[in-house]
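Colleague: Got a structure here, written out as C-alpha cells. Questions coming.
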Amino acid sequence: MSYSTQTQAKAEAGEAAGKEFLAFTLGQEEYGIDILRVQEIRGYEPVTRIANAPDFIKGVVNLRGIIVPVVDMRIKFSLGTPTYDQFTVVIILNIAGRVMGMVVDSVSDVTTLSPGQVKPAPEMGTIFDSDYLIGLGTLSERMLILVDIDKLMSSSEMGLIEKIAA
C-alpha cells in the first residue's frame, strides 16, 4: 500500500467515524453500510427476472409503482449458493436518486461507530475489492466490514447507475 493510499484510507476511515451503520450478514461475515443510504428493509419476495442480466442481478420488483432492480450480494461476492428463508431480507437503498434493492442473509442492528472504532481496511487480494471498503468497525467481540455502498453500486461492473461525480 503506497503512502498516499494509506493516507486516503485513514481519511476515509476517519470520515466514517461517528456515523451510524446498518449491520447485515453475508455468509459468516458481518458488514455495515451508511444508514443514510437505507430507505427501508423488506422481507425477500420473488422477483421478475430480466433476460440477459448478470447472475447477481436477481431481477426487479415493483415497489409502490417504482421498478427496483434487486442485487443478490451473496452471488456478487461468490459466497456460495444463496438460500432464501424467513431471515433473508432486501435492503432498499437510495443512492444518487436511484432506488435499488440488495439481498442479504439478515440484518442485525444499527451501530454508531466512534473515530477510535474505525480502522483502515488492510490491503489484500480478495474477492471483495478494497476500493469498496471504508474500513473495519470494531465493537468489543464484533468486527464490521464497512462497505462504501455508493462506490459499489455505482461501479461499472454493477451497471446500475452512472458513476457518481467525485
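Identifiers in this document derive from the order of the C-alpha cells: chains are assigned A, B, ..., residues are numbered from 1 separately in each chain, and ligands are numbered from 1 in order of occurrence.
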Which residues, written as a PDB file with N, CA and C atoms, in the first residue's frame, have at least one atom at most 8 Å from A:Ser108, with only C-alpha atoms counted and residues fewer than 3 positions away on the same chain left out?
Modeller:
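The resulting file, out09.pdb, is reproduced below:
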ATOM      1  N   LEU A  22     -25.882   0.369   9.274  1.00  0.00           N
ATOM      2  CA  LEU A  22     -26.784  -0.769   9.358  1.00  0.00           C
ATOM      3  C   LEU A  22     -25.924  -2.016   9.218  1.00  0.00           C
ATOM      4  N   ALA A  23     -25.967  -2.895  10.223  1.00  0.00           N
ATOM      5  CA  ALA A  23     -25.179  -4.130  10.194  1.00  0.00           C
ATOM      6  C   ALA A  23     -26.016  -5.235   9.549  1.00  0.00           C
ATOM      7  N   PHE A  24     -25.380  -5.983   8.622  1.00  0.00           N
ATOM      8  CA  PHE A  24     -26.050  -7.116   7.983  1.00  0.00           C
ATOM      9  C   PHE A  24     -25.045  -8.236   7.779  1.00  0.00           C
ATOM     10  N   THR A  25     -25.559  -9.442   7.559  1.00  0.00           N
ATOM     11  CA  THR A  25     -24.671 -10.589   7.368  1.00  0.00           C
ATOM     12  C   THR A  25     -24.765 -11.118   5.949  1.00  0.00           C
TER      13      THR A  25
END
Colleague: Could you pull the residues within 7 Å of A:Arg42, counting only C-alpha atoms, minus those fewer than 3 positions along the same chain, as a list in words?
Modeller: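 Close residues of A:Arg42: Val89, Val90 and Ile91 of chain A.
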Colleague: May I ask which of the residues A:Gly137, A:Pro54, A:Gly101, A:Pro82 is the closest one to A:Val68, counting only C-alpha atoms?
Modeller: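 When distances to A:Val68 are compared using only C-alpha atoms, the smallest one comes from A:Gly101.
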Colleague: Counting only C-alpha atoms, figure out which residue out of A:Gln39, A:Thr48, A:Thr83, A:Ser106 gets nearest to A:Leu26.
Modeller: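 Looking at the shortest contact to A:Leu26, the residue is A:Ser106.
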Colleague: Atom CA of A:Leu36 and atom CA of A:Asp109 are how many Å apart?
Modeller: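 Straight-line distance from atom CA of A:Leu36 to atom CA of A:Asp109 works out to 14.0 Å.
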Colleague: Measuring atom to atom with only C-alpha atoms, identify which of A:Ser154, A:Thr111, A:Pro46, A:Val60 is nearest to A:Arg142.
Modeller: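 Nearest candidate to A:Arg142 out of A:Ser154, A:Thr111, A:Pro46, A:Val60: A:Thr111.
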Colleague: Would you list the contacts of A:Lys76 as a list of chain:residue names, taking every protein, DNA or RNA residue within 9 Å and counting only C-alpha atoms, but skipping same-chain residues closer than 2 positions in sequence?
Modeller: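 Selected residues are A:Asp55, A:Phe56, A:Ile57, A:Val71, A:Asp72, A:Met73, A:Arg74, A:Ser78, A:Leu79.
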Colleague: Selection from above, C-alpha atoms, as an mmCIF file, in the first residue's frame, can you write it?
Modeller:
data_model
loop_
_atom_site.group_PDB
_atom_site.id
_atom_site.type_symbol
_atom_site.label_atom_id
_atom_site.label_comp_id
_atom_site.auth_asym_id
_atom_site.auth_seq_id
_atom_site.Cartn_x
_atom_site.Cartn_y
_atom_site.Cartn_z
ATOM 1 C CA ASP A 55 -26.473 -13.570 -12.361
ATOM 2 C CA PHE A 56 -26.079 -11.273 -9.343
ATOM 3 C CA ILE A 57 -28.978 -9.099 -10.557
ATOM 4 C CA VAL A 71 -28.887 -7.354 -6.485
ATOM 5 C CA ASP A 72 -28.050 -10.535 -4.549
ATOM 6 C CA MET A 73 -24.818 -9.683 -2.740
ATOM 7 C CA ARG A 74 -24.113 -13.356 -1.950
ATOM 8 C CA SER A 78 -19.268 -15.535 -4.686
ATOM 9 C CA LEU A 79 -20.329 -16.596 -1.190
#
Colleague: Between A:Met143, A:Ala51, A:Val107, A:Leu93, which has the minimum distance to A:Asp34 (counting only C-alpha atoms)?
Modeller: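 The shortest atom-to-atom distance to A:Asp34 comes from A:Leu93.
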